[in-house]
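Asks: Sharing target-v1.cif (mmCIF, C-alpha atoms) below.
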data_query
#
loop_
_atom_site.label_atom_id
_atom_site.label_comp_id
_atom_site.auth_asym_id
_atom_site.auth_seq_id
_atom_site.Cartn_x
_atom_site.Cartn_y
_atom_site.Cartn_z
CA MET A 188 -32.14 99.74 32.70
CA ARG A 189 -29.49 99.48 30.03
CA MET A 190 -26.90 101.93 28.82
CA LEU A 191 -24.49 101.85 25.96
CA VAL A 192 -21.51 104.09 26.71
CA GLN A 193 -19.27 105.35 23.94
CA ARG A 194 -16.11 107.33 24.58
CA VAL A 195 -16.19 110.16 22.05
CA THR A 196 -14.15 113.08 20.83
CA GLU A 197 -17.46 114.72 19.93
CA ALA A 198 -21.16 113.88 19.75
CA SER A 199 -24.35 115.69 18.85
CA VAL A 200 -28.11 115.31 18.60
CA THR A 201 -30.05 116.93 15.78
CA ILE A 202 -33.83 116.92 15.43
CA GLY A 203 -34.94 117.82 11.94
CA ASP A 204 -32.58 120.64 11.01
CA ARG A 205 -32.17 121.90 14.60
CA LEU A 206 -29.11 121.12 16.69
CA ARG A 207 -30.40 120.01 20.10
CA SER A 208 -27.15 119.17 21.93
CA ARG A 209 -23.45 118.91 21.31
CA ILE A 210 -20.46 117.85 23.39
CA GLY A 211 -16.72 117.60 22.90
CA ARG A 212 -14.51 114.96 24.49
CA GLY A 213 -16.42 112.71 26.85
CA MET A 214 -19.14 110.08 26.72
CA LEU A 215 -22.26 109.54 24.66
CA VAL A 216 -24.75 107.47 26.65
CA LEU A 217 -27.70 105.73 25.02
CA LEU A 218 -30.19 104.79 27.76
CA GLY A 219 -33.02 102.25 27.64
CA VAL A 220 -35.58 101.94 30.44
CA GLY A 221 -37.35 98.65 31.14
CA ASN A 222 -40.73 97.87 32.67
CA ASP A 223 -39.26 96.86 36.03
CA ASP A 224 -36.71 99.67 36.40
CA THR A 225 -36.73 101.89 39.48
CA GLU A 226 -34.79 104.66 41.19
CA GLU A 227 -32.33 102.00 42.34
CA ASP A 228 -31.42 101.34 38.69
CA VAL A 229 -30.99 105.07 38.09
CA GLU A 230 -28.66 105.38 41.08
CA TYR A 231 -26.63 102.31 40.16
CA LEU A 232 -26.07 103.28 36.51
CA ALA A 233 -25.46 106.98 37.17
CA GLY A 234 -22.82 106.12 39.77
CA LYS A 235 -21.25 103.49 37.55
CA LEU A 236 -21.11 105.91 34.63
CA VAL A 237 -19.33 108.79 36.36
CA ARG A 238 -16.82 106.41 37.97
CA LEU A 239 -16.16 104.42 34.77
CA ARG A 240 -12.42 104.62 34.13
CA ILE A 241 -12.23 104.67 30.34
CA PHE A 242 -10.00 107.71 29.78
CA ASP A 243 -6.23 107.50 29.47
CA ASP A 244 -3.89 108.69 32.19
CA GLU A 245 -0.43 110.12 31.42
CA ALA A 246 0.89 106.59 30.85
CA GLY A 247 -1.78 105.86 28.22
CA VAL A 248 -3.69 103.49 30.49
CA MET A 249 -7.49 103.75 30.79
CA ASN A 250 -7.41 104.79 34.43
CA ARG A 251 -9.39 108.05 34.63
CA ASP A 252 -13.09 108.79 34.80
CA VAL A 253 -15.03 111.56 33.05
CA VAL A 254 -14.87 113.87 36.08
CA GLN A 255 -11.09 113.55 36.39
CA THR A 256 -10.62 114.43 32.72
CA GLY A 257 -13.14 117.29 32.66
CA GLY A 258 -15.06 115.42 29.97
CA GLU A 259 -18.66 115.96 28.99
CA VAL A 260 -21.62 113.56 28.98
CA LEU A 261 -24.51 113.50 26.50
CA VAL A 262 -27.50 111.28 27.41
CA VAL A 263 -29.98 110.09 24.77
CA SER A 264 -33.06 107.93 25.38
CA GLN A 265 -33.23 104.81 23.22
CA PHE A 266 -36.03 102.34 23.87
CA THR A 267 -34.61 99.95 21.26
CA LEU A 268 -31.90 98.95 23.76
CA MET A 269 -34.66 96.98 25.47
CA ALA A 270 -35.30 94.88 22.34
CA SER A 271 -35.73 91.15 22.56
CA THR A 272 -34.63 89.13 19.54
CA ARG A 273 -35.33 85.66 20.90
CA LYS A 274 -38.10 84.87 18.43
CA GLY A 275 -37.90 85.48 14.72
CA ASN A 276 -36.22 88.45 13.10
CA ARG A 277 -38.47 91.29 14.18
CA PRO A 278 -37.37 92.70 17.55
CA SER A 279 -39.96 92.88 20.31
CA TYR A 280 -40.06 95.95 22.54
CA VAL A 281 -42.50 94.68 25.17
CA GLY A 282 -39.71 94.96 27.75
CA ALA A 283 -39.41 98.72 27.19
CA ALA A 284 -41.26 100.82 29.75
CA PRO A 285 -44.03 103.08 28.42
CA GLY A 286 -43.24 106.78 28.17
CA ALA A 287 -45.14 107.63 31.35
CA VAL A 288 -42.65 105.44 33.26
CA SER A 289 -39.49 105.75 31.19
CA GLN A 290 -39.41 109.50 30.63
CA PRO A 291 -39.25 110.43 34.34
CA LEU A 292 -36.55 107.79 34.96
CA TYR A 293 -34.56 108.99 31.94
CA GLU A 294 -34.79 112.58 33.18
CA ARG A 295 -33.79 111.56 36.71
CA PHE A 296 -30.84 109.61 35.32
CA ALA A 297 -29.56 112.66 33.39
CA ALA A 298 -30.08 114.88 36.46
CA ARG A 299 -28.27 112.42 38.73
CA VAL A 300 -25.33 112.16 36.33
CA ALA A 301 -25.15 115.97 36.28
CA GLN A 302 -25.18 116.06 40.07
CA LEU A 303 -22.47 113.41 40.41
CA ALA A 304 -20.31 114.89 37.64
CA GLY A 305 -20.73 118.44 38.88
CA ARG A 306 -21.65 119.79 35.47
CA GLU A 307 -24.56 120.19 33.08
CA VAL A 308 -25.53 117.09 31.12
CA PRO A 309 -27.10 117.79 27.74
CA THR A 310 -29.69 115.35 26.45
CA GLY A 311 -31.64 114.32 23.43
CA GLU A 312 -35.39 114.90 23.29
CA PHE A 313 -37.45 112.08 24.72
CA GLY A 314 -39.62 110.39 22.08
CA ALA A 315 -38.28 112.47 19.18
CA ASP A 316 -36.86 111.16 15.92
CA MET A 317 -33.24 112.14 16.48
CA GLN A 318 -30.09 111.98 14.43
CA VAL A 319 -27.17 111.19 16.70
CA GLY A 320 -23.71 111.92 15.41
CA LEU A 321 -20.49 110.88 17.09
CA VAL A 322 -16.82 110.25 16.67
CA ASN A 323 -16.08 107.17 18.77
CA ASP A 324 -12.68 107.51 20.41
CA GLY A 325 -10.70 104.29 20.49
CA PRO A 326 -13.20 102.88 19.72
CA VAL A 327 -14.39 102.38 23.28
CA THR A 328 -17.97 101.11 23.61
CA ILE A 329 -19.29 99.52 26.81
CA TRP A 330 -22.66 97.93 27.55
CA ILE A 331 -23.97 98.03 31.14
CA ASP A 332 -27.24 96.49 32.34
CA SER A 333 -28.47 97.33 35.83
CA LYS A 334 -30.11 93.90 36.11
CA ASN A 335 -26.92 92.04 35.21
CA ARG A 336 -24.26 93.47 37.50
CA GLU A 337 -21.10 91.66 36.36
#
Mind turning the file's structure into structure tokens?
Replies:
Amino acid sequence: MRMLVQRVTEASVTIGDRLRSRIGRGMLVLLGVGNDDTEEDVEYLAGKLVRLRIFDDEAGVMNRDVVQTGGEVLVVSQFTLMASTRKGNRPSYVGAAPGAVSQPLYERFAARVAQLAGREVPTGEFGADMQVGLVNDGPVTIWIDSKNRE
């Protein structure tokens, strides 16, 4: 399971001409689910996310997490994070789990983040063609892979 975390001043998801979700200051999380991902990956990444200290303290040092700052989290599914570009120029998505596997794990991830953060976590719409808007704050963008725990 892979997530791309962006610290934002605001982020939103629109589907067609309908606003699906919007947050203010916090984190936009793009989440990709792989064929071999399990509940263990959900637990690891959800815990890592809510404890990720990427918000400034009073000294201007990134030393606070999203819960400490009262920030919001928006989670969007993105199978393209599982792309392989080893051969040629056309990405392969064979590593991405099919919807029957990835959708429940994506939903459990969002629910677990909400539980750990103690607040509602808005999401995109699984499988939809979404327009994701954001204002990256910093910019701060962090890539975390549950199979590569560095």
Asks: What's around A:Leu191 at 12 Å? Count all atoms listed in the file, leave out sequence neighbours fewer than 3 positions away in its own chain, and write the answer as a PyMOL selection string.
Replies: chain A and resi 188+194+214-220+232+236+261-269+327-333
Asks: What is the distance, in Å and to one decimal place, between atom CA of A:Thr196 and atom CA of A:Gly211?
Replies: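 Calculated distance between atom CA of A:Thr196 and atom CA of A:Gly211 is 5.6 Å.
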Asks: Could you list, as a list in words, every residue within 12 Å of A:Asp244, counting only C-alpha atoms and ignoring same-chain residues fewer than 4 positions away?
Replies: Arg240, Val248, Met249, Asn250, Arg251, Asp252, Val253, Gln255 and Thr256 of chain A
Asks: List every protein, DNA or RNA residue that has at least one atom no more than 7 Å from (-40.9, 98.8, 29.3) in the file's coordinates, counting all atoms listed in the file, and write the result as a PyMOL selection string.
Replies: chain A and resi 220-222+281-285
Asks: Residues of stretch 198-277 of chain A that have any atom at most 6 Å from an atom of stretch 286-305 of chain A: could you tabulate them with the shortest-distance atom pair and the distance in Å to one decimal, using all atoms listed in the file, ordered by chain and increasing number, as a Markdown table?
Replies:
| residue | atom | partner | partner_atom | distance |
| --- | --- | --- | --- | --- |
| A:Val220 | CA | A:Ser289 | CA | 5.5 |
| A:Val229 | CA | A:Phe296 | CA | 5.3 |
| A:Ala233 | CA | A:Val300 | CA | 5.2 |
| A:Val254 | CA | A:Ala304 | CA | 5.8 |
Asks: Just give me the gap between atom CA of A:Val200 and atom CA of A:Gln318 in Å, one decimal is fine.
Replies: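 About the pair atom CA of A:Val200 and atom CA of A:Gln318: they are 5.7 Å apart.
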Asks: Which is closer to A:Glu197 than all the others in A:Arg277, A:Arg209, A:Asp243, A:Gly234, using all atoms listed in the file?
Replies: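 Result for the nearest residue to A:Glu197: A:Arg209.
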Asks: So how far away is atom CA of A:Ala198 from atom CA of A:Pro309, in Å?
Replies: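 The value is 10.7 Å.
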Asks: Take the point (-11.8, 114.6, 28.3) in the file's coordinates, draw a sphere of radius 6 Å around it, and report as a ChimeraX atom specification every protein, DNA or RNA residue with an atom inside or on it, counting all atoms listed in the file.
Replies: /A:212-213,256-258
Asks: Taking into account all atoms listed in the file, which residue in the set A:Ala246, A:Ile241, A:Val195, A:Ile202 is nearest to A:Asp316?
Replies: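 Nearest to A:Asp316: A:Ile202.
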Asks: Rank nothing, just name the residue among A:Glu312, A:Glu226, A:Glu307, A:Pro326 nearest to A:Val260, using all atoms listed in the file.
Replies: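 So, comparing all the options, the nearest one is A:Glu307.
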Asks: For stretch 328-333 of chain A, what centre and edge lengths in Å (one decimal) does the axis-aligned box get once 4 Å is added on each side of all its listed atoms, as lines of an AutoDock Vina configuration file?
Replies:
center_x = -23.2
center_y = 98.8
center_z = 29.7
size_x = 18.5
size_y = 12.6
size_z = 20.2
